[in-house]
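Undergrad: Could you have a look at this structure, given as C-alpha cells, before my questions?
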Amino acid sequence: MQSAVYRDLRDRRVLVTGASSGIGAACARAFLLQGSRVALHHHTGSVAELAASFPDRGLPVRGDLSGEEGCIIVADAAAAALGGLDVLVCSAGIWEAAPVATIGADQLERMFRINLFSAIFLIRESLPHLGERSSIVLVGSTAGQRGEAGHAHYAASKGGLHALALSLAEELAPRTRVNVVAPGWVRTPMTRTALAERGARIVAGIPLRRIAEPEDVAQAVLFLASDASRHITGEILGVSGGALVPMPR
C-alpha cells in the first residue's frame with residue numbers, strides 16, 4: 001500500500017500499544033516509515049523483528065496493561081526512552097465471544113481492564129509527558145457503535161472507549177487532540193478463526209466487499225495523528241468499508 005507522506009510526523013515521539021501484532025503492529029510500522037521515533041509496547045508477543053528493522057527509532061517497551069501498575073510502567077518507560085511523547089495510540093485490546101448468559105465477573109473485568117481501563121490509565125500517565133500539538137488516537141470498533149451479539153462485553157468496552165474520547169476531546173483541548181478510529185472486520189490473528197468460518201457472509205454485509213487489512217486502519221491513525229487533521233478532535237472515523245451504511249442484508 002502506498003502511504004501518504006506526513007512530514008510533520010518525522011521525529012515525533014510515539015507510543016503504540018499492542019505493537020506486536022495486528023493493527024498495533026501496522027500502526028507502529030507506519031509511524032516508523034514516516035520517520036517517527038516509536039515506543040513499541042508488547043506483553044506476550046514480540047516486537048524484536050520490528051525493532052531490528054528500525055534500530056535507531058523502534059524502542060521496545062514491555063508491560064502488562066491489564067492493571068494500573070503495568071500502565072504506569074509502560075507510559076513512564078516510553079516517555080523516558082523517547083524524551084517525552086507527542087502521540088499516543090491505544091491499540092492493545094482483546095476480543096472474545098461470550099453470550100451474556102455465560103459472562104462471569106472475571107471475564108467481564110478482564111475485557112474492560114484491557115480494552116478501556118488501560119486507555120484511561122495510559123492517558124492519565126502520559127499527560128505530563130505530552131508536548132504541544134499532541135494527539136491521542138484510540139482504536140475503537142464498529143461494535144461500539146452498533147453492538148455485537150454474542151460479544152456484548154466487547155462492544156460495551158469499545159462503546160466506553162468512544163465516550164472517553166468524546167469527553168477528553170473537550171477536556172484536553174486545545175493542547176491535545178483526541179480521536180477514535182473504528183474498524184470493522186480486519187484481517188488479524190485475533191479474527192482469523194471467525195473469518196475462516198464465515199468470511200463470505202461477513203464480506204456480503206460490507207459495501208466495499210472486502211475485509212480490511214491492518215494497514216488500512218494504520219493509514220487512518222496516521223492521518224488523525226498528523227497535522228493534516230489539525231482541526232479535528234472528538235471524532236470517530238470509521239474504517240469498515242461502509243459496514244454501518246444502511247443496505248439490504
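Going by the C-alpha cells order, chains are called A, B, ..., each with residues numbered from 1, while ligands are numbered from 1 in the order shown.
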Would you tabulate, counting only C-alpha atoms, all residues of stretch 32-137 of chain A that have an atom at most 12 Å from an atom of stretch 196-218 of chain A, showing the closest pair of atoms and their distance in Å to one decimal, sorted by chain then ascending number, as a tab-separated table?

TA:
```
residue	atom	partner	partner_atom	distance
A:Leu32	CA	A:Ala218	CA	11.6
A:Leu33	CA	A:Ala218	CA	11.6
A:Gln34	CA	A:Ala218	CA	11.9
A:Val89	CA	A:Ala218	CA	10.3
A:Ser91	CA	A:Ala218	CA	10.3
A:Val137	CA	A:Ala218	CA	10.7
```

Undergrad: Within 7 Å of stretch 6-11 of chain A, counting only C-alpha atoms, which residues show up once you throw out same-chain ones fewer than 6 positions away? Write them as an MDAnalysis selection string, please.

TA: chainID A and resid 34:37 226:227

Undergrad: Go ahead and compute the interatomic distance for atom CA of A:Ala152 and atom CA of A:Val245, in Å to one decimal.

TA: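 One can read the atom CA of A:Ala152 to atom CA of A:Val245 distance as 21.1 Å.
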
Undergrad: Calculated over only C-alpha atoms, which of the candidates A:Glu68, A:Gly93, A:Arg146, A:Arg192 has the smallest distance to A:Thr17?

TA: A:Gly93

Undergrad: DSSP on the backbone, strand (DSSP E) only: what residues of stretch 55-159 of chain A does that give? Format it as a compact mmCIF listing (two decimals) with N, CA, C and O atoms, in the first residue's frame.

TA:
```
# COMPACT_ATOMS: atom_id res chain seq x y z
N GLY A 58 12.94 2.37 16.70
CA GLY A 58 11.97 1.44 17.26
C GLY A 58 12.44 0.93 18.60
O GLY A 58 13.41 0.17 18.69
N LEU A 59 11.78 1.33 19.68
CA LEU A 59 12.24 1.05 21.04
C LEU A 59 11.23 0.17 21.78
O LEU A 59 10.15 0.63 22.14
N PRO A 60 11.56 -1.10 22.03
CA PRO A 60 10.62 -2.00 22.71
C PRO A 60 10.34 -1.55 24.15
O PRO A 60 11.24 -1.14 24.87
N VAL A 61 9.08 -1.64 24.53
CA VAL A 61 8.65 -1.36 25.90
C VAL A 61 7.68 -2.46 26.30
O VAL A 61 6.62 -2.60 25.70
N ARG A 62 8.05 -3.23 27.32
CA ARG A 62 7.21 -4.37 27.71
C ARG A 62 6.38 -4.03 28.93
O ARG A 62 6.85 -3.33 29.84
N LEU A 85 6.52 12.58 24.91
CA LEU A 85 5.57 11.97 23.98
C LEU A 85 4.84 13.05 23.19
O LEU A 85 4.52 14.11 23.72
N ASP A 86 4.58 12.74 21.93
CA ASP A 86 3.77 13.61 21.08
C ASP A 86 2.48 12.93 20.64
O ASP A 86 1.47 13.60 20.40
N VAL A 87 2.54 11.61 20.53
CA VAL A 87 1.39 10.84 20.05
C VAL A 87 1.24 9.59 20.90
O VAL A 87 2.23 8.89 21.17
N LEU A 88 0.01 9.31 21.31
CA LEU A 88 -0.32 8.06 21.99
C LEU A 88 -1.37 7.33 21.18
O LEU A 88 -2.43 7.90 20.88
N VAL A 89 -1.07 6.09 20.79
CA VAL A 89 -2.02 5.26 20.06
C VAL A 89 -2.36 4.06 20.94
O VAL A 89 -1.50 3.22 21.21
N CYS A 90 -3.60 3.99 21.39
CA CYS A 90 -4.04 2.89 22.24
C CYS A 90 -4.70 1.83 21.35
O CYS A 90 -5.86 1.94 20.98
N LEU A 130 3.24 14.76 27.45
CA LEU A 130 2.78 15.14 26.12
C LEU A 130 3.19 16.57 25.78
O LEU A 130 3.02 17.48 26.59
N GLY A 131 3.73 16.75 24.58
CA GLY A 131 4.14 18.07 24.15
C GLY A 131 3.01 18.86 23.52
O GLY A 131 1.85 18.41 23.47
N GLU A 132 3.34 20.03 23.03
CA GLU A 132 2.37 20.84 22.29
C GLU A 132 1.97 20.12 21.01
O GLU A 132 2.72 19.33 20.46
N ARG A 133 0.75 20.41 20.54
CA ARG A 133 0.24 19.79 19.31
C ARG A 133 0.23 18.27 19.41
O ARG A 133 0.48 17.56 18.45
N SER A 134 -0.05 17.76 20.60
CA SER A 134 -0.05 16.32 20.78
C SER A 134 -1.39 15.72 20.34
O SER A 134 -2.39 16.42 20.19
N SER A 135 -1.36 14.41 20.14
CA SER A 135 -2.54 13.73 19.62
C SER A 135 -2.68 12.36 20.28
O SER A 135 -1.69 11.65 20.46
N ILE A 136 -3.90 12.03 20.63
CA ILE A 136 -4.23 10.70 21.15
C ILE A 136 -5.21 10.05 20.18
O ILE A 136 -6.22 10.66 19.82
N VAL A 137 -4.90 8.83 19.75
CA VAL A 137 -5.79 8.09 18.87
C VAL A 137 -6.13 6.76 19.53
O VAL A 137 -5.24 5.98 19.87
N LEU A 138 -7.41 6.53 19.73
CA LEU A 138 -7.89 5.30 20.34
C LEU A 138 -8.45 4.38 19.26
O LEU A 138 -9.17 4.85 18.36
N VAL A 139 -8.14 3.11 19.34
CA VAL A 139 -8.67 2.14 18.37
C VAL A 139 -9.95 1.56 18.95
O VAL A 139 -9.93 0.73 19.87
```

Undergrad: Could you check the closest approach to A:Arg124 for each of A:Leu168, A:Ala19, A:Leu237, A:Val186 and tell me which residue wins, using only C-alpha atoms?

TA: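 Ranked by minimum distance to A:Arg124, first place goes to A:Leu168.
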
Undergrad: Could you check the closest approach to A:His153 for each of A:Ile23, A:Met111, A:Cys71, A:Val181 and tell me which residue wins, using only C-alpha atoms?

TA: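 Of A:Ile23, A:Met111, A:Cys71, A:Val181, the one nearest A:His153, counting only C-alpha atoms, is A:Met111.
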
Undergrad: Any idea what the distance is between atom CA of A:Gly45 and atom CA of A:Ser141?

TA: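 Between atom CA of A:Gly45 and atom CA of A:Ser141 the gap is 22.1 Å.
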
Undergrad: Among stretch 41-184 of chain A, which residues carry a DSSP assignment of alpha helix (DSSP H), reported as a CSV table (one decimal) with C-alpha atoms, in the first residue's frame?

TA:
```
chain,number,residue,atom,x,y,z
A,48,ALA,CA,12.0,-7.8,18.1
A,49,GLU,CA,11.8,-8.0,14.3
A,50,LEU,CA,10.2,-4.6,14.0
A,51,ALA,CA,12.7,-3.0,16.4
A,52,ALA,CA,15.6,-4.6,14.5
A,53,SER,CA,14.3,-3.2,11.2
A,68,GLU,CA,-3.0,0.1,36.6
A,69,GLU,CA,0.7,-0.5,37.7
A,70,GLY,CA,1.5,-2.0,34.3
A,71,CYS,CA,0.1,1.0,32.5
A,72,ILE,CA,2.1,3.4,34.7
A,73,ILE,CA,5.3,1.4,33.9
A,74,VAL,CA,4.6,1.4,30.1
A,75,ALA,CA,3.8,5.2,30.0
A,76,ASP,CA,6.8,6.2,32.1
A,77,ALA,CA,9.2,3.8,30.2
A,78,ALA,CA,8.1,5.1,26.8
A,79,ALA,CA,8.4,8.8,27.9
A,80,ALA,CA,11.9,8.1,29.3
A,81,ALA,CA,13.1,6.3,26.2
A,82,LEU,CA,11.8,8.9,23.8
A,105,ALA,CA,-17.2,-11.3,36.7
A,106,ASP,CA,-13.6,-12.2,35.9
A,107,GLN,CA,-14.2,-12.3,32.2
A,108,LEU,CA,-16.1,-9.1,32.2
A,109,GLU,CA,-13.5,-7.3,34.3
A,110,ARG,CA,-10.6,-8.5,32.1
A,111,MET,CA,-12.3,-7.2,29.0
A,112,PHE,CA,-12.8,-3.8,30.5
A,118,SER,CA,-5.8,0.7,30.2
A,119,ALA,CA,-6.5,3.6,27.9
A,120,ILE,CA,-7.7,5.8,30.8
A,121,PHE,CA,-4.6,4.9,32.9
A,122,LEU,CA,-2.2,5.4,29.9
A,123,ILE,CA,-3.7,8.8,29.0
A,124,ARG,CA,-3.5,9.9,32.7
A,125,GLU,CA,0.1,8.9,33.0
A,126,SER,CA,1.1,10.3,29.6
A,143,ALA,CA,-19.1,-3.0,17.7
A,144,GLY,CA,-19.0,0.0,20.0
A,145,GLN,CA,-21.4,1.9,17.6
A,146,ARG,CA,-23.9,-0.7,16.7
A,152,ALA,CA,-21.8,-7.7,24.4
A,153,HIS,CA,-18.9,-7.2,26.8
A,154,TYR,CA,-16.5,-6.4,24.0
A,155,ALA,CA,-19.0,-4.0,22.4
A,156,ALA,CA,-19.6,-2.2,25.7
A,157,SER,CA,-15.9,-1.8,26.3
A,158,LYS,CA,-15.4,-0.2,22.9
A,159,GLY,CA,-18.5,2.0,23.4
A,160,GLY,CA,-16.9,3.2,26.6
A,161,LEU,CA,-13.7,4.0,24.7
A,162,HIS,CA,-15.7,6.1,22.2
A,163,ALA,CA,-17.3,8.0,25.1
A,164,LEU,CA,-13.9,8.5,26.7
A,165,ALA,CA,-12.6,10.1,23.5
A,166,LEU,CA,-15.5,12.5,23.2
A,167,SER,CA,-15.1,13.5,26.8
A,168,LEU,CA,-11.3,14.1,26.6
A,169,ALA,CA,-11.5,15.9,23.3
A,170,GLU,CA,-13.1,18.8,25.2
A,171,GLU,CA,-11.2,18.3,28.5
```

Undergrad: Find, counting only C-alpha atoms, the residue in A:Ala149, A:Ala101, A:Ala182, A:Ala243 that gets nearest to A:Val221.

TA: A:Ala182

Undergrad: Find, counting only C-alpha atoms, the residue in A:Gly150, A:His41, A:Val100, A:Gly67 that gets nearest to A:Asn115.

TA: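 With only C-alpha atoms as the atom set, the closest residue is A:Gly67.
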
Undergrad: Could you state the separation of atom CA of A:Gly104 and atom CA of A:Gly24 in Å, given to one decimal place?

TA: 27.9 Å

Undergrad: Calculated over only C-alpha atoms, which of the candidates A:Gly22, A:Gly63, A:Pro174, A:Gly184 has the smallest distance to A:Thr44?

TA: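 The answer is A:Gly63, which sits nearest to A:Thr44.
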